[in-house]
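Inspection log for the structure reproduced underneath, given as structure tokens.
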Amino acid sequence: MQFNHYGGEAARLAAALVNAGPADDLSPLLRAHGIHRPPPGPRGVRELRAWARERLAPCFTASGGRPLVPEALAERCAHVNSALEQAASLPRVSLHDGTPHLHYGPEDQETVGHVKASTAAALAYVVCASSAHRLGRCARCGAAYVDTSRAGRRTYCTVRCANNDAVARHRGRA
């Protein structure tokens with residue numbers, strides 16, 4: 001599955017924020033997902049944790065790698081729309097690297113606002129340009145993930161979880 005740099009990486013950032021533990025330092029997580037701005041202070045970290053819990057987490061539900069039924073699709077879209085409303089971003093075309101591409105806020109936007117706008121827009125991009133079921137929850141551990149596989153049928157966050165589940169099923173049969 002092809003993602004643009006901003007949409008794909010920001011969607012993976014949304015999943016990473018949802019999966020972040022309460023004591024995890026968000027600065028390395030933000031850098032790992034392409035946010036090269038000053039790290040948020042304690043208030044900003046609290047705001048991002050609340051954003052992940054209240055707006056991003058509901059966008060990721062278990063779908064078993066299958067397209068969503070109409071009711072679940074409507075619910076997923078409502079959650080994404082809620083995030084978009086709360087982010088209140090103003091998309092604009094940027095030329096900072098010489099190539100036109102979208103940014104979801106002004107160049108000088110503070111980090112928390114930038115993360116909110118980028119993650120909300122990225123989840124909308126996945127739902128509209130790919131498929132809503134690509135925002136999933138791991139069948140083993142419940143972690144949020146963005147399914148970037150070609151077939152779009154992932155049910156686990158990592159190969160490790162898939163293998164651990166297969167081993168557990170095998171041992172259960174033995």
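Identifiers in this document derive from the order of the structure tokens: chains are assigned A, B, ..., residues are numbered from 1 separately in each chain, and ligands are numbered from 1 in order of occurrence.
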*Near range 32-47 of chain A, counting only C-alpha atoms, which residues have an atom at most 8 Å away, once you skip same-chain residues fewer than 6 positions from it, shown as a PyMOL selection string?*
chain A and resi 9-10+12-13+26+110-112+115
Quick one: write out the picked residues with all heavy atoms as a short mmCIF file (atom, residue, chain, number, x, y, z; two decimals), in the first residue's frame?
```
data_model
loop_
_atom_site.label_atom_id
_atom_site.label_comp_id
_atom_site.auth_asym_id
_atom_site.auth_seq_id
_atom_site.Cartn_x
_atom_site.Cartn_y
_atom_site.Cartn_z
N GLU A 9 3.26 8.34 7.54
CA GLU A 9 4.04 8.42 8.78
C GLU A 9 3.19 9.00 9.91
O GLU A 9 3.29 8.56 11.05
CB GLU A 9 5.30 9.25 8.57
CG GLU A 9 6.34 9.02 9.63
CD GLU A 9 6.72 7.54 9.79
OE1 GLU A 9 7.02 6.88 8.79
OE2 GLU A 9 6.71 7.06 10.93
N ALA A 10 2.34 9.95 9.60
CA ALA A 10 1.48 10.53 10.64
C ALA A 10 0.43 9.53 11.09
O ALA A 10 0.04 9.53 12.27
CB ALA A 10 0.84 11.82 10.14
N ARG A 12 0.97 6.26 11.24
CA ARG A 12 1.73 5.38 12.13
C ARG A 12 2.03 6.09 13.46
O ARG A 12 2.04 5.46 14.52
CB ARG A 12 3.00 4.91 11.44
CG ARG A 12 2.70 3.87 10.35
CD ARG A 12 3.96 3.26 9.77
NE ARG A 12 4.63 4.13 8.83
CZ ARG A 12 4.35 4.19 7.53
NH1 ARG A 12 3.43 3.40 7.02
NH2 ARG A 12 5.01 5.01 6.74
N LEU A 13 2.24 7.40 13.41
CA LEU A 13 2.43 8.17 14.64
C LEU A 13 1.16 8.10 15.49
O LEU A 13 1.24 7.95 16.71
CB LEU A 13 2.79 9.62 14.33
CG LEU A 13 2.80 10.59 15.52
CD1 LEU A 13 3.80 10.16 16.59
CD2 LEU A 13 3.10 12.01 15.05
N LEU A 26 7.63 10.89 25.12
CA LEU A 26 7.09 11.07 23.77
C LEU A 26 8.08 11.70 22.80
O LEU A 26 7.90 11.59 21.59
CB LEU A 26 5.81 11.92 23.83
CG LEU A 26 4.64 11.32 24.59
CD1 LEU A 26 3.41 12.22 24.45
CD2 LEU A 26 4.33 9.91 24.11
N GLU A 110 2.95 25.33 16.71
CA GLU A 110 3.57 24.64 17.84
C GLU A 110 3.39 23.13 17.68
O GLU A 110 2.53 22.66 16.96
CB GLU A 110 3.05 25.17 19.17
CG GLU A 110 1.53 25.32 19.26
CD GLU A 110 0.81 24.06 19.67
OE1 GLU A 110 1.41 23.22 20.35
OE2 GLU A 110 -0.35 23.90 19.31
N THR A 111 4.23 22.36 18.36
CA THR A 111 4.33 20.92 18.16
C THR A 111 3.02 20.19 18.42
O THR A 111 2.61 19.35 17.62
CB THR A 111 5.45 20.34 19.06
OG1 THR A 111 6.67 21.03 18.75
CG2 THR A 111 5.63 18.86 18.83
N VAL A 112 2.34 20.49 19.50
CA VAL A 112 1.11 19.78 19.84
C VAL A 112 0.05 19.99 18.76
O VAL A 112 -0.59 19.04 18.31
CB VAL A 112 0.59 20.20 21.24
CG1 VAL A 112 -0.78 19.60 21.52
CG2 VAL A 112 1.58 19.78 22.31
N VAL A 115 1.02 18.00 15.65
CA VAL A 115 0.78 16.55 15.79
C VAL A 115 -0.71 16.26 15.70
O VAL A 115 -1.12 15.31 15.01
CB VAL A 115 1.37 16.03 17.13
CG1 VAL A 115 0.90 14.61 17.42
CG2 VAL A 115 2.88 16.09 17.09
#
```
_Surrounding residues of Ala87 in chain A excluding itself and chain neighbours under 4 positions, 9 Å, only C-alpha atoms, as a PyMOL selection string_ = chain A and resi 82-83+113-121
*Write down as a PyMOL selection string the residues of range 6-167 of chain A whose backbone DSSP state falls under alpha helix (DSSP H).*
chain A and resi 6-19+26-32+42-51+70-87+111-125+159-167
_Report, in Å to a single decimal, how far apart CA of Ala62 in chain A and CA of Gly136 in chain A are._
5.0 Å
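Summary of the local environment: counting only C-alpha atoms, residues at most 7 Å from range 63-66 of chain A, other than itself and those fewer than 6 positions away along its chain, are His133, Gly136, Gly152, Arg153, Arg154 and Thr155 of chain A.
Between CA of Ser131 in chain A and CA of Arg49 in chain A lies a distance of 25.8 Å.
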_DSSP-assigned strand (DSSP E or B) members of chain A, reported as number ranges by chain_ = A: 92-94, 101-103, 135-137, 144-146
Would you mind exporting C-alpha atoms of the selected residues as a PDB file, in the first residue's frame?
```
ATOM      1  CA  ARG A  92      -1.882  24.450   2.884  1.00  0.00           C
ATOM      2  CA  VAL A  93       0.562  23.698   0.132  1.00  0.00           C
ATOM      3  CA  SER A  94       4.170  23.999   1.278  1.00  0.00           C
ATOM      4  CA  HIS A 101       3.073  18.998  -0.727  1.00  0.00           C
ATOM      5  CA  LEU A 102       0.429  19.398   1.946  1.00  0.00           C
ATOM      6  CA  HIS A 103       1.011  20.579   5.475  1.00  0.00           C
ATOM      7  CA  LEU A 135      -6.823   1.080  11.128  1.00  0.00           C
ATOM      8  CA  GLY A 136      -6.871  -1.968  13.355  1.00  0.00           C
ATOM      9  CA  ARG A 137      -6.220  -3.506  16.743  1.00  0.00           C
ATOM     10  CA  ALA A 144      -3.303  -0.116  17.477  1.00  0.00           C
ATOM     11  CA  TYR A 145      -1.697  -0.446  14.036  1.00  0.00           C
ATOM     12  CA  VAL A 146      -1.986   0.832  10.481  1.00  0.00           C
TER      13      VAL A 146
END
```
